[in-house]
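Asks: I'm passing along run-v3.tsv; it holds TSV, C-alpha atoms.
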```
chain	number	residue	atom	x	y	z
N	1	MET	CA	1.44	-13.66	-19.43
N	2	ALA	CA	2.21	-10.16	-20.70
N	3	ILE	CA	5.01	-8.14	-19.17
N	4	ILE	CA	3.99	-6.94	-15.72
N	5	ASP	CA	3.65	-3.19	-15.29
N	6	TYR	CA	2.71	-3.26	-11.60
N	7	LEU	CA	3.44	-5.98	-9.07
N	8	ALA	CA	2.02	-5.65	-5.54
N	9	VAL	CA	3.48	-7.88	-2.81
N	10	GLY	CA	1.78	-8.34	0.55
N	11	HIS	CA	-1.19	-9.91	2.30
N	12	ILE	CA	-4.74	-9.43	1.21
N	13	THR	CA	-6.95	-9.37	4.30
N	14	GLN	CA	-10.34	-10.18	5.70
N	15	ASP	CA	-11.35	-7.22	7.83
N	16	VAL	CA	-13.92	-7.85	10.54
N	17	ILE	CA	-17.12	-5.82	10.18
N	18	ASP	CA	-20.59	-6.13	11.70
N	19	GLY	CA	-22.08	-9.29	10.32
N	20	GLY	CA	-19.00	-10.75	8.68
N	21	TYR	CA	-15.89	-9.78	6.74
N	22	VAL	CA	-14.86	-7.44	3.97
N	23	THR	CA	-11.82	-7.72	1.70
N	24	GLY	CA	-9.03	-5.33	2.60
N	25	GLY	CA	-5.30	-4.89	2.40
N	26	THR	CA	-3.00	-2.61	0.45
N	27	VAL	CA	-2.58	-5.10	-2.41
N	28	ALA	CA	-6.36	-5.06	-2.97
N	29	TYR	CA	-6.78	-1.28	-3.11
N	30	ALA	CA	-3.48	-0.56	-4.86
N	31	GLY	CA	-3.84	-3.46	-7.27
N	32	ARG	CA	-7.33	-2.46	-8.34
N	33	LEU	CA	-6.25	1.17	-8.81
N	34	ALA	CA	-3.15	0.23	-10.83
N	35	SER	CA	-5.28	-1.97	-13.07
N	36	LEU	CA	-7.76	0.88	-13.57
N	37	LEU	CA	-4.87	3.12	-14.61
N	38	GLY	CA	-4.05	0.72	-17.42
N	39	CYS	CA	-1.26	-1.27	-15.81
N	40	GLN	CA	-0.88	-4.99	-16.45
N	41	THR	CA	-1.18	-5.79	-12.76
N	42	ALA	CA	-0.19	-8.80	-10.70
N	43	VAL	CA	-0.40	-9.58	-7.00
N	44	LEU	CA	1.74	-11.95	-4.96
N	45	SER	CA	0.01	-12.73	-1.69
N	46	SER	CA	-0.93	-15.47	0.74
N	47	ALA	CA	-4.25	-16.66	2.11
N	48	ALA	CA	-6.22	-19.74	3.02
N	49	PRO	CA	-7.20	-22.04	0.12
N	50	ASP	CA	-10.87	-21.00	0.24
N	51	PHE	CA	-10.19	-17.29	-0.36
N	52	ASP	CA	-12.08	-16.01	-3.43
N	53	TRP	CA	-9.33	-14.26	-5.40
N	54	LYS	CA	-11.41	-13.67	-8.54
N	55	ALA	CA	-14.04	-11.74	-6.59
N	56	ALA	CA	-11.46	-9.72	-4.68
N	57	LEU	CA	-9.10	-8.95	-7.57
N	58	PRO	CA	-10.93	-9.19	-10.90
N	59	GLU	CA	-8.75	-8.97	-14.02
N	60	ILE	CA	-5.58	-9.17	-11.93
N	61	GLU	CA	-3.21	-12.12	-12.09
N	62	VAL	CA	-2.66	-13.58	-8.63
N	63	ARG	CA	-0.12	-16.03	-7.35
N	64	ALA	CA	-1.26	-17.14	-3.94
N	65	ILE	CA	1.08	-18.75	-1.45
N	66	PRO	CA	-1.02	-21.35	0.40
N	67	ALA	CA	-1.53	-20.66	4.11
N	68	ALA	CA	-3.53	-22.18	6.93
N	69	GLU	CA	-5.50	-18.96	7.37
N	70	THR	CA	-6.09	-15.54	5.84
N	71	THR	CA	-4.75	-12.42	7.53
N	72	THR	CA	-7.60	-10.91	9.54
N	73	PHE	CA	-7.73	-7.49	11.19
N	74	GLN	CA	-10.36	-5.90	13.38
N	75	ASN	CA	-10.56	-2.13	13.84
N	76	ILE	CA	-12.38	-0.61	16.80
N	77	TYR	CA	-12.93	3.13	16.67
N	78	THR	CA	-13.12	5.09	19.92
N	79	GLU	CA	-13.09	8.74	20.99
N	80	ASN	CA	-9.34	8.35	21.56
N	81	GLY	CA	-8.60	6.86	18.16
N	82	ARG	CA	-8.45	3.44	16.55
N	83	ILE	CA	-7.70	0.19	18.36
N	84	GLN	CA	-6.57	-2.55	15.99
N	85	TYR	CA	-6.30	-6.30	16.46
N	86	LEU	CA	-4.57	-8.89	14.30
N	87	HIS	CA	-6.53	-12.13	14.71
N	88	ARG	CA	-4.89	-14.30	12.04
N	89	ARG	CA	-1.90	-14.05	9.73
N	90	ALA	CA	-1.12	-15.84	6.48
N	91	ARG	CA	2.33	-16.99	5.40
N	92	VAL	CA	5.44	-14.81	5.33
N	93	ILE	CA	6.55	-13.90	1.79
N	94	THR	CA	10.25	-14.68	1.47
N	95	ALA	CA	12.55	-13.84	-1.43
N	96	ASP	CA	12.62	-17.42	-2.70
N	97	LEU	CA	8.83	-17.32	-3.20
N	98	ILE	CA	9.03	-14.52	-5.80
N	99	PRO	CA	8.62	-16.21	-9.21
N	100	ASP	CA	11.56	-15.72	-11.58
N	101	ASP	CA	9.26	-14.36	-14.30
N	102	TRP	CA	7.90	-11.71	-11.91
N	103	ARG	CA	11.21	-10.09	-11.05
N	104	ARG	CA	11.26	-7.39	-13.74
N	105	PRO	CA	8.02	-5.40	-13.42
N	106	ALA	CA	8.06	-1.74	-14.38
N	107	ILE	CA	6.82	-0.96	-10.86
N	108	VAL	CA	6.94	-3.14	-7.77
N	109	HIS	CA	4.97	-2.14	-4.69
N	110	LEU	CA	6.10	-3.75	-1.44
N	111	ALA	CA	3.00	-3.55	0.73
N	112	PRO	CA	3.34	-5.37	4.05
N	113	LEU	CA	0.53	-5.18	6.59
N	114	ALA	CA	1.72	-7.57	9.30
N	115	ASN	CA	5.49	-7.76	8.85
N	116	GLU	CA	4.90	-10.46	6.23
N	117	VAL	CA	7.30	-9.32	3.48
N	118	GLU	CA	10.89	-10.41	4.06
N	119	PRO	CA	13.22	-7.37	3.77
N	120	ALA	CA	15.49	-9.26	1.32
N	121	VAL	CA	12.68	-9.16	-1.26
N	122	VAL	CA	13.68	-5.57	-2.12
N	123	ASN	CA	16.98	-6.79	-3.56
N	124	LEU	CA	15.27	-8.71	-6.37
N	125	PHE	CA	14.02	-5.69	-8.31
N	126	ASN	CA	17.01	-3.60	-9.38
N	127	GLN	CA	15.43	-2.87	-12.78
N	128	SER	CA	12.12	-1.61	-11.40
N	129	VAL	CA	10.65	1.46	-9.78
N	130	VAL	CA	10.42	0.15	-6.22
N	131	GLY	CA	7.69	1.74	-4.13
N	132	VAL	CA	7.18	0.92	-0.47
N	133	THR	CA	4.29	1.47	1.90
N	134	ALA	CA	5.93	0.55	5.18
N	135	GLN	CA	3.00	0.44	7.60
N	136	GLY	CA	3.25	-3.34	8.03
N	137	TRP	CA	6.93	-3.03	8.97
N	138	LEU	CA	6.06	-0.30	11.48
N	139	ARG	CA	3.70	-2.31	13.63
N	140	SER	CA	3.79	-5.32	15.91
N	141	TRP	CA	1.23	-6.98	18.19
N	142	ASP	CA	0.99	-8.46	21.65
N	143	GLU	CA	-0.16	-11.93	22.74
N	144	ASN	CA	-3.79	-10.83	22.39
N	145	GLY	CA	-3.25	-9.55	18.87
N	146	ARG	CA	-3.49	-5.89	19.79
N	147	VAL	CA	-1.44	-3.90	17.29
N	148	TYR	CA	1.00	-1.21	18.41
N	149	PRO	CA	3.59	1.02	16.67
N	150	TYR	CA	6.98	-0.59	16.22
N	151	ASP	CA	10.44	0.77	15.41
N	152	TRP	CA	11.27	-0.88	12.06
N	153	PRO	CA	14.64	-2.63	12.57
N	154	HIS	CA	15.31	-3.32	8.88
N	155	ALA	CA	14.82	0.18	7.48
N	156	ALA	CA	18.52	0.59	6.64
N	157	ALA	CA	18.46	-2.70	4.72
N	158	VAL	CA	15.45	-1.71	2.61
N	159	LEU	CA	15.13	2.02	2.03
N	160	PRO	CA	18.39	2.69	0.11
N	161	TYR	CA	17.15	0.24	-2.56
N	162	THR	CA	13.76	1.90	-3.04
N	163	SER	CA	12.56	4.59	-5.40
N	164	ALA	CA	9.95	6.04	-3.02
N	165	LEU	CA	8.59	5.50	0.47
N	166	VAL	CA	4.98	6.48	1.20
N	167	LEU	CA	3.82	6.56	4.80
N	168	SER	CA	1.48	8.38	7.16
N	169	SER	CA	2.49	10.26	10.25
N	170	GLU	CA	0.23	7.81	12.11
N	171	ASP	CA	2.52	4.97	11.05
N	172	LEU	CA	5.53	6.32	12.96
N	173	PRO	CA	6.11	5.28	16.57
N	174	ASP	CA	8.40	8.32	16.86
N	175	GLN	CA	8.20	11.34	14.58
N	176	SER	CA	11.99	11.69	14.68
N	177	LEU	CA	12.13	8.57	12.48
N	178	LEU	CA	11.07	10.71	9.54
N	179	THR	CA	14.53	12.31	9.58
N	180	THR	CA	16.14	8.88	9.58
N	181	TYR	CA	14.02	7.65	6.68
N	182	ARG	CA	14.74	10.79	4.67
N	183	GLN	CA	18.45	10.06	5.04
N	184	LEU	CA	17.99	6.47	3.88
N	185	ALA	CA	15.45	6.79	1.05
N	186	PRO	CA	15.83	8.98	-2.06
N	187	LEU	CA	12.18	10.08	-1.90
N	188	VAL	CA	9.75	10.10	1.03
N	189	VAL	CA	6.09	11.10	0.94
N	190	MET	CA	4.18	11.75	4.15
N	191	THR	CA	0.42	11.57	3.64
N	192	GLN	CA	-1.69	13.92	5.76
N	193	GLY	CA	-5.30	13.06	5.02
N	194	ALA	CA	-7.43	16.02	4.00
N	195	ASP	CA	-4.33	18.24	4.08
N	196	GLY	CA	-2.72	16.34	1.22
N	197	CYS	CA	0.89	15.30	1.59
N	198	THR	CA	4.44	16.53	2.01
N	199	VAL	CA	7.10	15.36	-0.42
N	200	PHE	CA	10.72	15.14	0.73
N	201	MET	CA	13.42	14.71	-1.90
N	202	GLY	CA	16.97	15.43	-0.79
N	203	VAL	CA	16.99	18.79	0.96
N	204	ASP	CA	13.83	19.88	-0.84
N	205	SER	CA	10.37	19.48	0.66
N	206	ARG	CA	6.98	20.68	-0.54
N	207	GLN	CA	3.49	20.46	0.87
N	208	VAL	CA	1.03	19.45	-1.86
N	209	PRO	CA	-2.61	20.20	-0.98
N	210	ALA	CA	-5.52	17.84	-1.67
N	211	PRO	CA	-8.88	18.77	-3.15
N	212	ALA	CA	-11.58	19.54	-0.59
N	213	VAL	CA	-14.26	16.83	-0.54
N	214	ALA	CA	-16.99	15.51	1.74
N	215	GLU	CA	-15.46	12.44	3.37
N	216	VAL	CA	-17.62	9.31	3.67
N	217	GLU	CA	-14.99	6.62	4.33
N	218	ALA	CA	-11.22	6.97	4.44
N	219	THR	CA	-10.41	3.24	4.32
N	220	GLY	CA	-7.91	2.48	1.57
N	221	ALA	CA	-7.19	6.10	0.71
N	222	GLY	CA	-3.52	5.77	1.58
N	223	ASP	CA	-3.21	2.64	-0.55
N	224	ILE	CA	-4.89	4.32	-3.50
N	225	PHE	CA	-2.65	7.34	-3.00
N	226	ALA	CA	0.45	5.14	-3.04
N	227	ALA	CA	-0.49	3.26	-6.20
N	228	ALA	CA	-1.38	6.48	-8.02
N	229	PHE	CA	1.88	8.07	-6.86
N	230	PHE	CA	4.07	5.16	-8.00
N	231	VAL	CA	2.35	4.90	-11.38
N	232	ARG	CA	2.57	8.63	-12.09
N	233	LEU	CA	6.17	8.75	-10.86
N	234	HIS	CA	7.01	6.11	-13.45
N	235	GLN	CA	4.99	7.79	-16.19
N	236	THR	CA	6.71	11.15	-15.65
N	237	ASN	CA	10.22	9.70	-15.40
N	238	GLY	CA	10.48	10.67	-11.75
N	239	ASN	CA	8.50	13.88	-11.23
N	240	PRO	CA	7.39	13.61	-7.56
N	241	TRP	CA	5.42	16.86	-7.52
N	242	GLU	CA	3.14	15.83	-10.38
N	243	ALA	CA	2.89	12.33	-8.89
N	244	ALA	CA	1.78	13.82	-5.56
N	245	ARG	CA	-0.80	16.08	-7.21
N	246	PHE	CA	-2.29	13.15	-9.11
N	247	ALA	CA	-2.26	10.85	-6.08
N	248	ASN	CA	-3.97	13.46	-3.90
N	249	GLU	CA	-6.68	13.84	-6.49
N	250	LEU	CA	-7.48	10.12	-6.71
N	251	ALA	CA	-7.28	9.57	-2.95
N	252	ALA	CA	-9.71	12.46	-2.43
N	253	ILE	CA	-12.20	10.89	-4.83
N	254	SER	CA	-11.90	7.57	-3.01
N	255	VAL	CA	-12.92	8.95	0.37
N	256	THR	CA	-16.27	10.14	-1.03
N	257	GLN	CA	-17.38	6.51	-1.43
N	258	ARG	CA	-17.83	3.49	0.83
N	259	GLY	CA	-16.27	0.16	-0.14
N	260	LEU	CA	-13.50	-0.81	-2.55
N	261	ALA	CA	-15.67	-1.37	-5.63
N	262	ALA	CA	-17.46	1.97	-5.23
N	263	LYS	CA	-14.19	3.84	-4.75
N	264	ILE	CA	-12.67	2.37	-7.90
N	265	GLU	CA	-15.81	3.09	-9.90
N	266	ALA	CA	-15.90	6.73	-8.75
N	267	ILE	CA	-12.27	7.17	-9.80
N	268	ARG	CA	-13.01	5.51	-13.16
N	269	VAL	CA	-15.86	7.93	-13.79
N	270	ALA	CA	-13.78	10.94	-12.75
N	271	LEU	CA	-10.85	9.96	-14.97
N	272	GLY	CA	-13.24	9.48	-17.88
N	273	ASP	CA	-14.41	13.04	-17.43
N	274	THR	CA	-10.90	14.55	-17.55
```
Output the file's structure in the form of structure tokens.
Replies:
Amino acid sequence: MAIIDYLAVGHITQDVIDGGYVTGGTVAYAGRLASLLGCQTAVLSSAAPDFDWKAALPEIEVRAIPAAETTTFQNIYTENGRIQYLHRRARVITADLIPDDWRRPAIVHLAPLANEVEPAVVNLFNQSVVGVTAQGWLRSWDENGRVYPYDWPHAAAVLPYTSALVLSSEDLPDQSLLTTYRQLAPLVVMTQGADGCTVFMGVDSRQVPAPAVAEVEATGAGDIFAAAFFVRLHQTNGNPWEAARFANELAAISVTQRGLAAKIEAIRVALGDT
């Protein structure tokens, strides 16, 4: 295959909805967005043998680690916020499962959802821009599958080897962890929904506003933000402010649509108009 521009590592998911399932997961949203932005994109994931990769990730090369079942989440929305359950989980992605010919992408996006990416994977990509969305390392679940915030024990083993960490304030079990992560990672971006994001680089921090839009569905917006941020960071040789502006713009477009395909199409149309 051609040289990989963007490699996403993590579980694709089946998310429970009324009447069935819908494809989800950071690698799906981020991979589709990276491909739209012109990146030669690849995904390393794990799922059951009957998962339809071509339908979920068209025009993206996939290497699927066989698993007994596909990672499955259910989200229940209440007046007091979201309740999330993890019903099934595919195979853990360990460092030895990363193909040798996939270890030099321009950008690698470590995108765990259920603590499925082994921390040692980060050490394989010392020639790449390494972006991390850490939500899957910041959650655990009880015996019933109910997900709860979790203090990431391997942060110090991962973050010093990254180029950028993107996370939401909702990901953190304790807001004081932001200070810790800023000390460990060279660049941290905290997404804030309709308010945009705050970028922390060294002692500098800036709030970058997002365009005002009518929100229809926020699912996947953080994943689209992250992919756009990592790609633009690479394209600008490390300009986080421009990367944040661009990522805010694409994430805002995404929330005006419902469903992955519609979100990607709306972004395609908008980029064609600029």
Asks: Closest to Ala55 (chain N) among N:Arg32, N:His87, N:Arg232, N:Lys263, using all atoms listed in the file?
Replies: N:Arg32
Asks: Residues within 12 Å of region 78-82 of chain N, please, as a PDB file with C-alpha atoms, in the coordinates of the input. Count all atoms listed in the file; anything in the same chain fewer than 6 positions from it doesn't count.
Replies:
```pdb
ATOM      1  CA  ARG N 146      -3.490  -5.890  19.790  1.00  0.00           C
ATOM      2  CA  VAL N 147      -1.440  -3.900  17.290  1.00  0.00           C
ATOM      3  CA  TYR N 148       1.000  -1.210  18.410  1.00  0.00           C
ATOM      4  CA  GLU N 170       0.230   7.810  12.110  1.00  0.00           C
TER       5      GLU N 170
END
```
Asks: Rounded to one decimal in Å, what is the spacing between CA of Ala8 (chain N) and CA of Ala228 (chain N)?
Replies: 12.8 Å
Asks: Fewer than 3 positions away in the same chain doesn't count, so skip those; otherwise give me all residues within 12 Å of Asn115 (chain N), counting all atoms listed in the file, as a ChimeraX atom specification.
Replies: /N:9-11,71,86,89-94,110-112,118-119,133-141,147,149-154
Asks: So which one's closest to Ile76 (chain N), N:Val129, N:Pro173, N:Val16, N:Pro105? Using all atoms listed in the file, please.
Replies: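 Checking each candidate against Ile76 (chain N), we get N:Val16 as the closest.
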